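Q: Here it is, the structure, as structure tokens.
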Amino acid sequence: MRVSLRWLAEYTELPEASPEALAERLTLAGLEVEGLRELSAEGVRVGRVLAVEPHPHADDLRVCLVQVGNEEYRTVCGAPNVAPGLLVPFALPGARLPRGPVGETTVRGVRSAGMILSREELGLEEKSTGIWELPPGTPPGADLAELLELPDLLLDLKITSNRPDLLGMYGLAREFSALFRTRLRELALDFPEGERSAAELADVQVESGEDCPRYVARVIQGVAWRPAPLRLQARLLKAGLRPIALAVDLTNYVMLEVGHPLHAFDRARLRGGRIVVRRARPGEALRTLDGVERALAPEILVIADAEQPVALAGIMGGEGSEVEPDTREVLLEAAAFAPARIRRGARLLGLRTEASLRFERGLSPENVDLASRRFCALWVREGGGTVARGAVDVYLKRPARRAVPLRRARIPGFLGIHVPDAEVVDGLTRLGVALRPTESGWEAEIPPHRGDLAREEDLLEEIARLYGYDRIPELAPAQPARVGGKAPEEEFADRVRRILAGLGLLEAYTFPLVSAGEAQVLLKNPMAQGQEGLRDSLFPGLLAAVRENLSAQAPGGALFEVGKVFLLEDGVPREEYRVGLVLFGRTDLPLCGKAAYGPAELKGVVEALLAALRVEGWCLGPCADPRLHPFRRAALLVQGQPAGLLGEVNPELLDLPGARRVLFAELRLPVLQAHARPAAYRPLPRFPASKRDLSLLAPETLPEEEIRARILAEPLVESAFLYDRYQGPGIPAGQVSLTYELSFRDPQRTLSAEEVEGAVGRILSALAELGVRLRT
């Protein structure tokens with residue numbers, strides 16, 4: 001942002017410092033100065049062109065007679081717009097301009113004294129197409145440097161995105177007042193009003209308070225098309241804007257002054273005299289002020305009249321309602337728009353303007369009427385006309401009062417220095433923060449224009465900034481360094497990674513963004529098609545990795561991924577760590593020929609993981625997930641709690657070269673973490689174990705887990721190892737033979753044969769209740 005110090009001095013006193021010292025102080029305070037430029041012009045006066053004659057030896061030149069005070073000068077000019085009667089900036093012989101001195105010379109045989117100037121030659125514009133036609137009323141013969149507020153120093157400031165209040169001269173003056181402890185002058189906001197009310201002349205409807213929390217409309221009658229005063233034009237030029245006419249220039253001037261954009265409509269060209277703030281409708285289009293016909297999408301916020309859009313809200317006006325030379329009534333718009341809505345519209349249209357830059361950063365609804373009143377006060381002072389009584393003020397969503405506690409004891413603890421109370425109160429008060437004393441310090445009421453102040457630390461940073469970072473001594477931290485650590489769920493995830501890597505699997509990292517059909521949690525602003533949501537499973541990413549490997553002719557692989565999935569519970573998003581496993585193609589085990597991975601290998605990896613984590617009480621149950629083969633899938637339960645699934649991927653979902661089998665498992669890490677036992681020391685047994693083999697006949701539909709539970713319920717049983725399962729000749733239909741090796745032990749003594757046989761009998765009795773009997 002370009003800042004004129006002469007303009008800034010209208011609102012506050014400036015420090016007496018060199019440009020370099022001033023730039024350093026501002027940069028240390030967070031206002032980075034990217035460039036400095038000095039403007040000056042000596043010996044330039046306001047002249048009047050008395051006569052224009054063709055040059056005798058050049059068709060593209062003119063010989064002009066210019067009057068400056070009581071003197072007349074004959075000068076050669078090549079501008080196409082020079083004409084008798086114009087008031088122009090005239091450099092007297094000997095004048096000093098940004099490009100060098102001006103003298104007397106001969107141009108194609110004609111003596112030329114002095115020079116008629118353009119804005120470019122005065123350093124106010126990069127490229128001019130002709131001389132500068134000064135507005136009527138500019139006093140002839142006057143020193144133009146004084147009228148243009150020269151000499152002047154222009155600062156090129158880099159304003160951070162969280163400080164939209166600094167995108168206006170008055171906000172910068174407030175900042176200067178706090179940094180240099182100077183008085184901030186108030187803006188003139190009073191103006192006379194006419195008899196007719198604005199409510200009689202304008203009707204405003206706002207469809208959504210979320211898109212437009214506040215809209216203020218004022219009506220100005222008796223408008224005349226005239227140029228802006230020279231001082232106002234000069235300030236716009238220094239800021240990088242081209243003057244057009246007073247009605248338009250004043251909207252830009254107030255935007256640069258208070259940081260809040262305005263827009264002027266020709267009221268006669270608004271159908272029905274109505275303003276409607278709404279979203280664009282399908283098929284609507286608008287020709288904007290830059291002459292481009294733009295198709296509108298429903299995500300774009302528009303200002304419409306009773307029939308069609310007339311402006312892009314917060315971005316640019318439309319040709320059909322712009323102020324023109326025949327305009328006699330102006331409807332002045334001052335509004336606050338949702339930053340995200342303006343940002344979205346500007347991005348869709350590929351259109352960034354000074355107005356959208358400010359609205360995208362967030363402007364407070366509380367300052368809307370201030371900008372509107374400031375425009376009217378300047379208009380009455382500079383342009384005449386009548387401002388209708390009152391305003392149409394649609395205020396749908398008022399921001400809540402924001403108060404932040406500021407503790408006195410936190411200042412030295414946070415900054416490492418003592419800042420006197422008086423300095424704290426004075427600095428923050430100059431920034432607009434209202435402080436109310438409390439026992440521990442103050443309660444700070446945050447002004448509407450400081451949306452970046454939300455917590456105590458923000459206020460402490462402001463205190464440090466105003467105190468001066470360069471005044472804070474460089475000291476080592478008073479507190480000892482604290483060793484950080486990962487959260488328990490992160491530590492557990494790392495443990496799972498180490499186990500699976502030790503089992504020979506390779507870790508994969510896949511993209512968490514998926515299409516809307518594969519997600520529960522959707523993004524409000526997706527960056528690309530097919531990335532509208534966050535994954536609710538690791539399945540899509542790992543399956544894509546399998547396709548990529550097989551397309552590259554990999555014979556097979558074993559991959560795992562530990563990552564977060566995103567779920568909805570009662571409409572509230574939540575995250576959950578999971579581990580995904582995928583086996584595909586040929587194994588890489590030695591001496592296994594060309595054997596491919598199968599369900600046994602997948603189940604073996606899952607069992608090895610659970611064993612390494614010391615998770616007990618798990619079993620496999622029925623699973624109905626359609627992504628897995630209907631006859632080769634299972635759910636994992638831990639202590640009766642769903643912990644994941646495993647099985648063969650449904651062939652209908654695969655689009656792989658050749659007939660390939662893909663095995664997949666996905667386990668919930670929070671459930672595994674809750675049931676994982678830490679490693680514990682257990683002394684070696686002092687007494688021997690007794691072992692017995694039991695061959696049982698059980699119904700084939702009975703889960704083996706229930707049989708194992710009955711066996712382990714016997715107090716003398718130390719372990720039960722299933723080492724054989726058989727169905728076939730010799731086994732009744734609907735039955736299965738299970739052979740266990742049971743280990744019996746008492747930690748206090750050696751068991752007798754009779755005690756072991758008694759325990760076996762109790763086990764068989766318990767199993768009989770399940771329909772399980774001893775195989776004979």
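Ligands are numbered from 1 in the order shown, chains are lettered A, B, ... in the order of the structure tokens, and residues start at 1 in each chain.
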Which residues are near Leu134 of chain A? Cut-off 12 Å, only C-alpha atoms, ignore same chain within fewer than 6 positions. Put them as a ChimeraX atom specification.

A: /A:45-49,82,85-90,116-119,140,144,147-148,226-234,243

Q: Take the selection from the previous step and output its residues with N, CA and C atoms, as a compact mmCIF listing (two decimals), in the first residue's frame.

A:
```txt
# COMPACT_ATOMS: atom_id res chain seq x y z
N ARG A 45 4.18 26.23 -11.70
CA ARG A 45 3.05 27.10 -11.41
C ARG A 45 1.82 26.65 -12.22
N VAL A 46 0.67 27.20 -11.81
CA VAL A 46 -0.56 26.96 -12.57
C VAL A 46 -0.61 27.99 -13.69
N GLY A 47 -0.63 27.49 -14.92
CA GLY A 47 -0.67 28.38 -16.07
C GLY A 47 -1.97 28.22 -16.86
N ARG A 48 -2.27 29.26 -17.65
CA ARG A 48 -3.46 29.19 -18.51
C ARG A 48 -2.99 29.28 -19.96
N VAL A 49 -3.46 28.35 -20.79
CA VAL A 49 -3.10 28.36 -22.21
C VAL A 49 -3.91 29.43 -22.91
N VAL A 82 -3.79 19.55 -25.79
CA VAL A 82 -3.57 20.94 -25.45
C VAL A 82 -4.56 21.81 -26.24
N GLY A 85 -7.45 28.03 -23.23
CA GLY A 85 -8.34 28.11 -22.09
C GLY A 85 -8.05 27.10 -20.99
N LEU A 86 -7.24 26.09 -21.27
CA LEU A 86 -6.95 25.08 -20.26
C LEU A 86 -6.06 25.63 -19.16
N LEU A 87 -6.33 25.17 -17.94
CA LEU A 87 -5.41 25.40 -16.84
C LEU A 87 -4.47 24.22 -16.78
N VAL A 88 -3.16 24.48 -16.76
CA VAL A 88 -2.18 23.40 -16.87
C VAL A 88 -1.05 23.63 -15.88
N PRO A 89 -0.35 22.55 -15.48
CA PRO A 89 0.88 22.73 -14.71
C PRO A 89 2.00 23.17 -15.64
N PHE A 90 2.67 24.26 -15.28
CA PHE A 90 3.69 24.81 -16.17
C PHE A 90 5.00 24.96 -15.39
N ILE A 116 4.91 22.61 -20.50
CA ILE A 116 3.59 22.17 -19.99
C ILE A 116 3.72 20.70 -19.59
N LEU A 117 3.27 20.39 -18.39
CA LEU A 117 3.58 19.08 -17.80
C LEU A 117 2.39 18.13 -17.80
N SER A 118 2.74 16.86 -17.84
CA SER A 118 1.76 15.78 -17.61
C SER A 118 1.94 15.25 -16.19
N ARG A 119 1.06 14.38 -15.76
CA ARG A 119 1.20 13.76 -14.45
C ARG A 119 2.46 12.90 -14.39
N PRO A 140 -4.97 30.45 -11.00
CA PRO A 140 -3.86 30.64 -11.94
C PRO A 140 -2.68 31.32 -11.26
N LEU A 144 2.18 25.20 -7.73
CA LEU A 144 1.52 23.90 -7.83
C LEU A 144 2.03 22.93 -6.77
N LEU A 147 -0.28 23.06 -3.86
CA LEU A 147 -1.58 22.46 -4.16
C LEU A 147 -1.49 20.94 -4.21
N LEU A 148 -0.34 20.42 -4.66
CA LEU A 148 -0.16 18.97 -4.77
C LEU A 148 0.46 18.36 -3.51
N ARG A 226 -18.59 16.75 -12.16
CA ARG A 226 -17.50 17.72 -12.13
C ARG A 226 -16.23 17.04 -11.67
N PRO A 227 -15.09 17.59 -12.02
CA PRO A 227 -13.84 16.97 -11.55
C PRO A 227 -13.65 17.24 -10.05
N ALA A 228 -12.88 16.39 -9.43
CA ALA A 228 -12.57 16.55 -8.01
C ALA A 228 -11.56 17.67 -7.85
N PRO A 229 -11.51 18.29 -6.66
CA PRO A 229 -10.50 19.32 -6.40
C PRO A 229 -9.09 18.76 -6.59
N LEU A 230 -8.16 19.67 -6.89
CA LEU A 230 -6.82 19.26 -7.25
C LEU A 230 -6.13 18.49 -6.12
N ARG A 231 -6.31 18.92 -4.86
CA ARG A 231 -5.66 18.24 -3.75
C ARG A 231 -6.15 16.80 -3.63
N LEU A 232 -7.45 16.60 -3.83
CA LEU A 232 -8.01 15.25 -3.76
C LEU A 232 -7.48 14.38 -4.89
N GLN A 233 -7.40 14.96 -6.11
CA GLN A 233 -6.85 14.22 -7.25
C GLN A 233 -5.40 13.81 -6.98
N ALA A 234 -4.63 14.73 -6.41
CA ALA A 234 -3.22 14.43 -6.16
C ALA A 234 -3.08 13.28 -5.17
N PRO A 243 -7.87 9.67 -11.18
CA PRO A 243 -9.10 10.43 -10.97
C PRO A 243 -10.02 10.36 -12.19
```

Q: Got a sec: who's within 9 Å of Gly530 of chain A, counting only C-alpha atoms, leaving out chain neighbours fewer than 4 positions off, as a list of chain:residue names?

A: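 Those residues are A:Leu513, A:Val514, A:Ser515, A:Ala516, A:Pro526.
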
Q: Store the residues of this selection in a file with N, CA, C and O atoms, as a JSON list (two decimals), in the first residue's frame.

A:
```
[["chain", "number", "residue", "atom", "x", "y", "z"],
["A", 513, "LEU", "N", -7.49, -36.98, 0.59],
["A", 513, "LEU", "CA", -8.65, -36.37, -0.08],
["A", 513, "LEU", "C", -9.23, -37.36, -1.09],
["A", 513, "LEU", "O", -8.51, -37.96, -1.88],
["A", 514, "VAL", "N", -10.56, -37.51, -1.02],
["A", 514, "VAL", "CA", -11.25, -38.45, -1.90],
["A", 514, "VAL", "C", -12.47, -37.75, -2.49],
["A", 514, "VAL", "O", -12.78, -36.61, -2.16],
["A", 515, "SER", "N", -13.16, -38.44, -3.36],
["A", 515, "SER", "CA", -14.36, -37.87, -3.97],
["A", 515, "SER", "C", -15.49, -37.81, -2.95],
["A", 515, "SER", "O", -15.46, -38.48, -1.90],
["A", 516, "ALA", "N", -16.50, -37.02, -3.26],
["A", 516, "ALA", "CA", -17.61, -36.82, -2.33],
["A", 516, "ALA", "C", -18.34, -38.13, -2.01],
["A", 516, "ALA", "O", -18.82, -38.33, -0.90],
["A", 526, "PRO", "N", -13.34, -27.28, -1.87],
["A", 526, "PRO", "CA", -12.41, -28.26, -2.46],
["A", 526, "PRO", "C", -11.54, -27.60, -3.52],
["A", 526, "PRO", "O", -11.97, -26.70, -4.25]]
```

Q: For segment 185-196 of chain A, please output as a list in words all residues within 6 Å (counting only C-alpha atoms; exclusion window: fewer than 4 positions along the same chain).

A: Tyr11, Arg373, Arg374, Ala377, Thr386, Val387, Ala388 and Arg389 of chain A

Q: Create the file for the chosen residues now, containing C-alpha atoms and written as a short mmCIF file (atom, residue, chain, number, x, y, z; two decimals), in the first residue's frame.

A:
```
data_model
loop_
_atom_site.label_atom_id
_atom_site.label_comp_id
_atom_site.auth_asym_id
_atom_site.auth_seq_id
_atom_site.Cartn_x
_atom_site.Cartn_y
_atom_site.Cartn_z
CA TYR A 11 -4.83 13.14 10.95
CA ARG A 373 -21.14 9.47 6.73
CA ARG A 374 -17.58 10.45 5.84
CA ALA A 377 -19.54 15.07 4.76
CA THR A 386 -28.43 17.46 -0.92
CA VAL A 387 -28.11 14.35 1.22
CA ALA A 388 -31.46 12.75 1.99
CA ARG A 389 -32.40 12.55 5.65
#
```

Q: Which residues of segment 527-632 of chain A sit at most 7 Å from segment 646-668 of chain A, using only C-alpha atoms? Give each one's shortest atom pair and distance in Å (one decimal place), in chain and ascending residue order, as CSV.

A:
```
residue,atom,partner,partner_atom,distance
A:Arg547,CA,A:Leu656,CA,6.4
A:Tyr577,CA,A:Arg668,CA,6.6
A:Arg578,CA,A:Arg668,CA,4.7
A:Val579,CA,A:Leu667,CA,5.4
A:Gly580,CA,A:Glu666,CA,4.4
A:Leu581,CA,A:Ala665,CA,5.0
A:Val582,CA,A:Phe664,CA,4.5
A:Leu583,CA,A:Leu663,CA,5.0
A:Phe584,CA,A:Val662,CA,4.6
A:Gly585,CA,A:Arg660,CA,6.4
A:Pro599,CA,A:Gly647,CA,6.6
A:Leu602,CA,A:Leu663,CA,6.7
A:Arg627,CA,A:Asn650,CA,5.4
A:Leu628,CA,A:Val649,CA,4.3
A:His629,CA,A:Asn650,CA,4.3
A:Arg632,CA,A:Gly647,CA,5.5
```

Q: Output all heavy atoms for every residue in the selection just made, as a short mmCIF file (atom, residue, chain, number, x, y, z; two decimals), in the first residue's frame.

A:
```cif
data_model
loop_
_atom_site.label_atom_id
_atom_site.label_comp_id
_atom_site.auth_asym_id
_atom_site.auth_seq_id
_atom_site.Cartn_x
_atom_site.Cartn_y
_atom_site.Cartn_z
N ARG A 547 -3.02 -50.86 -7.52
CA ARG A 547 -3.16 -50.68 -8.97
C ARG A 547 -1.87 -50.10 -9.56
O ARG A 547 -1.41 -50.52 -10.62
CB ARG A 547 -4.34 -49.75 -9.28
CG ARG A 547 -5.71 -50.34 -8.98
CD ARG A 547 -6.80 -49.50 -9.63
NE ARG A 547 -8.12 -50.01 -9.33
CZ ARG A 547 -8.91 -49.54 -8.39
NH1 ARG A 547 -8.49 -48.53 -7.64
NH2 ARG A 547 -10.10 -50.05 -8.18
N TYR A 577 -7.50 -42.86 14.32
CA TYR A 577 -6.33 -43.54 13.77
C TYR A 577 -6.72 -44.97 13.38
O TYR A 577 -7.41 -45.66 14.13
CB TYR A 577 -5.21 -43.61 14.80
CG TYR A 577 -4.19 -42.50 14.66
CD1 TYR A 577 -4.08 -41.51 15.63
CD2 TYR A 577 -3.33 -42.46 13.57
CE1 TYR A 577 -3.13 -40.51 15.52
CE2 TYR A 577 -2.38 -41.46 13.45
CZ TYR A 577 -2.30 -40.49 14.42
OH TYR A 577 -1.36 -39.49 14.30
N ARG A 578 -6.22 -45.40 12.23
CA ARG A 578 -6.43 -46.78 11.78
C ARG A 578 -5.16 -47.29 11.11
O ARG A 578 -4.30 -46.50 10.69
CB ARG A 578 -7.60 -46.89 10.81
CG ARG A 578 -8.96 -46.63 11.46
CD ARG A 578 -10.10 -46.96 10.54
NE ARG A 578 -11.38 -46.67 11.15
CZ ARG A 578 -12.56 -46.78 10.53
NH1 ARG A 578 -12.58 -47.19 9.25
NH2 ARG A 578 -13.68 -46.50 11.15
N VAL A 579 -5.08 -48.62 11.02
CA VAL A 579 -4.00 -49.24 10.27
C VAL A 579 -4.64 -50.08 9.17
O VAL A 579 -5.59 -50.83 9.41
CB VAL A 579 -3.08 -50.10 11.17
CG1 VAL A 579 -3.85 -51.17 11.90
CG2 VAL A 579 -1.96 -50.71 10.33
N GLY A 580 -4.15 -49.90 7.97
CA GLY A 580 -4.63 -50.67 6.83
C GLY A 580 -3.54 -51.61 6.33
O GLY A 580 -2.36 -51.22 6.27
N LEU A 581 -3.91 -52.83 5.97
CA LEU A 581 -2.98 -53.83 5.43
C LEU A 581 -3.48 -54.27 4.08
O LEU A 581 -4.68 -54.46 3.88
CB LEU A 581 -2.88 -55.04 6.36
CG LEU A 581 -2.67 -54.79 7.86
CD1 LEU A 581 -2.81 -56.09 8.63
CD2 LEU A 581 -1.29 -54.20 8.09
N VAL A 582 -2.57 -54.47 3.13
CA VAL A 582 -2.97 -55.00 1.84
C VAL A 582 -1.87 -55.94 1.34
O VAL A 582 -0.68 -55.60 1.37
CB VAL A 582 -3.26 -53.85 0.84
CG1 VAL A 582 -2.02 -53.03 0.55
CG2 VAL A 582 -3.84 -54.39 -0.45
N LEU A 583 -2.27 -57.15 0.95
CA LEU A 583 -1.37 -58.15 0.38
C LEU A 583 -1.87 -58.46 -1.02
O LEU A 583 -3.08 -58.66 -1.23
CB LEU A 583 -1.35 -59.42 1.23
CG LEU A 583 -1.12 -59.26 2.75
CD1 LEU A 583 -1.14 -60.62 3.43
CD2 LEU A 583 0.19 -58.56 3.02
N PHE A 584 -0.97 -58.55 -1.98
CA PHE A 584 -1.41 -58.82 -3.35
C PHE A 584 -0.30 -59.51 -4.12
O PHE A 584 0.89 -59.35 -3.84
CB PHE A 584 -1.79 -57.51 -4.06
CG PHE A 584 -0.66 -56.53 -4.20
CD1 PHE A 584 0.10 -56.45 -5.36
CD2 PHE A 584 -0.35 -55.67 -3.16
CE1 PHE A 584 1.15 -55.56 -5.49
CE2 PHE A 584 0.68 -54.77 -3.28
CZ PHE A 584 1.44 -54.70 -4.44
N GLY A 585 -0.71 -60.31 -5.09
CA GLY A 585 0.26 -60.95 -5.98
C GLY A 585 1.07 -62.04 -5.31
O GLY A 585 0.64 -62.70 -4.36
N PRO A 599 -5.73 -65.73 2.18
CA PRO A 599 -6.33 -65.32 3.46
C PRO A 599 -5.50 -65.75 4.66
O PRO A 599 -5.46 -65.05 5.68
CB PRO A 599 -7.70 -66.00 3.45
CG PRO A 599 -8.01 -66.18 2.00
CD PRO A 599 -6.71 -66.46 1.33
N LEU A 602 -2.84 -63.16 5.39
CA LEU A 602 -3.41 -61.94 5.97
C LEU A 602 -3.78 -62.16 7.44
O LEU A 602 -3.46 -61.33 8.29
CB LEU A 602 -4.64 -61.50 5.17
CG LEU A 602 -5.35 -60.26 5.70
CD1 LEU A 602 -4.45 -59.04 5.58
CD2 LEU A 602 -6.67 -60.03 4.96
N ARG A 627 -17.32 -54.34 0.32
CA ARG A 627 -16.03 -54.20 -0.36
C ARG A 627 -15.24 -55.51 -0.35
O ARG A 627 -14.30 -55.67 -1.12
CB ARG A 627 -15.19 -53.10 0.31
CG ARG A 627 -15.81 -51.71 0.23
CD ARG A 627 -15.00 -50.69 1.02
NE ARG A 627 -14.94 -51.04 2.44
CZ ARG A 627 -14.23 -50.38 3.35
NH1 ARG A 627 -13.52 -49.33 2.98
NH2 ARG A 627 -14.23 -50.75 4.62
N LEU A 628 -15.64 -56.44 0.53
CA LEU A 628 -14.94 -57.71 0.66
C LEU A 628 -15.75 -58.85 0.08
O LEU A 628 -16.98 -58.76 -0.04
CB LEU A 628 -14.62 -57.97 2.13
CG LEU A 628 -13.77 -56.91 2.84
CD1 LEU A 628 -13.53 -57.29 4.29
CD2 LEU A 628 -12.44 -56.69 2.12
N HIS A 629 -15.05 -59.91 -0.29
CA HIS A 629 -15.67 -61.09 -0.88
C HIS A 629 -16.73 -61.64 0.08
O HIS A 629 -16.47 -61.79 1.29
CB HIS A 629 -14.60 -62.15 -1.14
CG HIS A 629 -15.06 -63.26 -2.04
ND1 HIS A 629 -15.98 -64.20 -1.65
CD2 HIS A 629 -14.71 -63.58 -3.32
CE1 HIS A 629 -16.18 -65.05 -2.63
NE2 HIS A 629 -15.42 -64.69 -3.67
N ARG A 632 -15.37 -64.64 1.97
CA ARG A 632 -13.99 -64.60 2.47
C ARG A 632 -13.76 -63.28 3.21
O ARG A 632 -12.91 -62.49 2.82
CB ARG A 632 -12.98 -64.76 1.33
CG ARG A 632 -13.09 -66.10 0.61
CD ARG A 632 -12.28 -66.13 -0.64
NE ARG A 632 -12.64 -67.27 -1.47
CZ ARG A 632 -12.45 -67.34 -2.78
NH1 ARG A 632 -11.91 -66.32 -3.41
NH2 ARG A 632 -12.79 -68.42 -3.46
#
```

Q: Identify, with DSSP run on backbone atoms, the residues in segment 218-398 of chain A assigned to strand (DSSP E), and express the list as a VMD selection string.

A: chain A and resid 218 to 221 262 to 266 274 to 279 285 to 287 293 to 295 301 to 304 309 to 312 316 to 317 329 to 336 386 to 387 392 to 395

Q: Take the residues from that selection and write them out as a short mmCIF file (atom, residue, chain, number, x, y, z; two decimals), in the first residue's frame, keeping N, CA and C atoms.

A:
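This went into selection-v3.cif:
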```cif
data_model
loop_
_atom_site.label_atom_id
_atom_site.label_comp_id
_atom_site.auth_asym_id
_atom_site.auth_seq_id
_atom_site.Cartn_x
_atom_site.Cartn_y
_atom_site.Cartn_z
N ARG A 218 -27.52 5.44 1.41
CA ARG A 218 -27.86 6.86 1.50
C ARG A 218 -28.11 7.39 0.09
N VAL A 219 -28.95 8.41 -0.02
CA VAL A 219 -29.30 8.98 -1.32
C VAL A 219 -28.85 10.44 -1.34
N ILE A 220 -28.16 10.81 -2.42
CA ILE A 220 -27.68 12.18 -2.62
C ILE A 220 -28.35 12.72 -3.87
N GLN A 221 -29.02 13.90 -3.73
CA GLN A 221 -29.74 14.51 -4.84
C GLN A 221 -29.01 15.77 -5.30
N LEU A 262 -16.66 1.77 -0.83
CA LEU A 262 -18.02 2.26 -1.10
C LEU A 262 -18.32 2.07 -2.58
N HIS A 263 -19.60 2.18 -2.93
CA HIS A 263 -19.95 2.15 -4.35
C HIS A 263 -21.12 3.09 -4.58
N ALA A 264 -21.03 3.85 -5.67
CA ALA A 264 -22.08 4.81 -6.02
C ALA A 264 -22.87 4.28 -7.21
N PHE A 265 -24.21 4.20 -7.05
CA PHE A 265 -25.11 3.80 -8.13
C PHE A 265 -25.85 5.04 -8.64
N ASP A 266 -26.12 5.06 -9.94
CA ASP A 266 -27.06 6.02 -10.49
C ASP A 266 -28.46 5.55 -10.10
N ARG A 274 -34.78 -0.16 -6.06
CA ARG A 274 -34.57 -1.19 -5.04
C ARG A 274 -33.17 -1.77 -5.13
N ILE A 275 -32.64 -2.14 -3.97
CA ILE A 275 -31.38 -2.86 -3.86
C ILE A 275 -31.68 -4.20 -3.20
N VAL A 276 -31.23 -5.29 -3.85
CA VAL A 276 -31.39 -6.63 -3.30
C VAL A 276 -30.01 -7.28 -3.25
N VAL A 277 -29.60 -7.68 -2.06
CA VAL A 277 -28.32 -8.38 -1.89
C VAL A 277 -28.63 -9.87 -1.86
N ARG A 278 -28.15 -10.60 -2.86
CA ARG A 278 -28.50 -12.02 -2.99
C ARG A 278 -27.40 -12.75 -3.75
N ARG A 279 -27.55 -14.07 -3.81
CA ARG A 279 -26.67 -14.88 -4.65
C ARG A 279 -27.13 -14.80 -6.11
N ALA A 285 -25.89 -12.98 -15.98
CA ALA A 285 -24.60 -12.43 -16.40
C ALA A 285 -24.60 -10.94 -16.09
N LEU A 286 -23.42 -10.34 -16.10
CA LEU A 286 -23.29 -8.92 -15.79
C LEU A 286 -22.08 -8.37 -16.54
N ARG A 287 -22.28 -7.23 -17.19
CA ARG A 287 -21.16 -6.51 -17.80
C ARG A 287 -20.62 -5.54 -16.76
N GLU A 293 -18.18 -8.90 -20.18
CA GLU A 293 -19.42 -9.62 -19.87
C GLU A 293 -19.05 -10.87 -19.08
N ARG A 294 -19.57 -10.99 -17.85
CA ARG A 294 -19.17 -12.08 -16.95
C ARG A 294 -20.37 -12.96 -16.62
N ALA A 295 -20.21 -14.27 -16.88
CA ALA A 295 -21.23 -15.24 -16.48
C ALA A 295 -21.12 -15.45 -14.97
N LEU A 301 -21.90 -13.54 -4.85
CA LEU A 301 -22.84 -12.60 -4.23
C LEU A 301 -22.96 -11.38 -5.13
N VAL A 302 -24.19 -10.97 -5.40
CA VAL A 302 -24.41 -9.83 -6.29
C VAL A 302 -25.30 -8.80 -5.59
N ILE A 303 -25.21 -7.58 -6.11
CA ILE A 303 -26.17 -6.52 -5.77
C ILE A 303 -27.11 -6.41 -6.97
N ALA A 304 -28.38 -6.59 -6.74
CA ALA A 304 -29.37 -6.56 -7.82
C ALA A 304 -30.38 -5.46 -7.57
N PRO A 309 -28.98 -8.41 -11.73
CA PRO A 309 -27.77 -7.93 -11.04
C PRO A 309 -27.27 -6.61 -11.62
N VAL A 310 -26.79 -5.74 -10.73
CA VAL A 310 -26.22 -4.46 -11.17
C VAL A 310 -24.79 -4.28 -10.69
N ALA A 311 -24.30 -5.20 -9.83
CA ALA A 311 -22.92 -5.09 -9.34
C ALA A 311 -22.51 -6.42 -8.74
N LEU A 312 -21.20 -6.67 -8.75
CA LEU A 312 -20.62 -7.80 -8.04
C LEU A 312 -20.30 -7.33 -6.63
N MET A 316 -16.79 -5.35 -7.92
CA MET A 316 -16.82 -4.32 -8.97
C MET A 316 -18.27 -4.03 -9.34
N GLY A 317 -18.53 -2.79 -9.73
CA GLY A 317 -19.85 -2.40 -10.17
C GLY A 317 -20.13 -2.83 -11.60
N GLU A 329 -29.02 11.76 -9.33
CA GLU A 329 -29.22 11.19 -8.00
C GLU A 329 -28.30 9.98 -7.83
N VAL A 330 -27.65 9.91 -6.69
CA VAL A 330 -26.72 8.82 -6.41
C VAL A 330 -27.22 8.04 -5.20
N LEU A 331 -27.25 6.73 -5.33
CA LEU A 331 -27.48 5.86 -4.17
C LEU A 331 -26.12 5.34 -3.73
N LEU A 332 -25.72 5.68 -2.53
CA LEU A 332 -24.41 5.33 -2.01
C LEU A 332 -24.51 4.04 -1.20
N GLU A 333 -23.72 3.06 -1.60
CA GLU A 333 -23.68 1.77 -0.91
C GLU A 333 -22.49 1.73 0.04
N ALA A 334 -22.76 1.36 1.30
CA ALA A 334 -21.70 1.02 2.26
C ALA A 334 -22.15 -0.27 2.94
N ALA A 335 -21.32 -1.30 2.88
CA ALA A 335 -21.77 -2.61 3.36
C ALA A 335 -20.60 -3.40 3.92
N ALA A 336 -20.97 -4.45 4.62
CA ALA A 336 -19.98 -5.44 5.08
C ALA A 336 -20.38 -6.78 4.50
N THR A 386 -27.64 17.65 -2.14
CA THR A 386 -28.43 17.46 -0.92
C THR A 386 -28.42 15.99 -0.53
N VAL A 387 -28.09 15.72 0.71
CA VAL A 387 -28.11 14.35 1.22
C VAL A 387 -29.45 14.10 1.88
N VAL A 392 -30.99 4.07 4.98
CA VAL A 392 -31.61 2.73 5.07
C VAL A 392 -30.53 1.80 5.57
N ASP A 393 -30.65 1.38 6.81
CA ASP A 393 -29.61 0.60 7.48
C ASP A 393 -30.17 -0.78 7.81
N VAL A 394 -29.76 -1.78 7.03
CA VAL A 394 -30.19 -3.16 7.27
C VAL A 394 -29.05 -3.86 8.00
N TYR A 395 -29.25 -4.10 9.29
CA TYR A 395 -28.21 -4.66 10.16
C TYR A 395 -28.73 -5.99 10.69
#
```
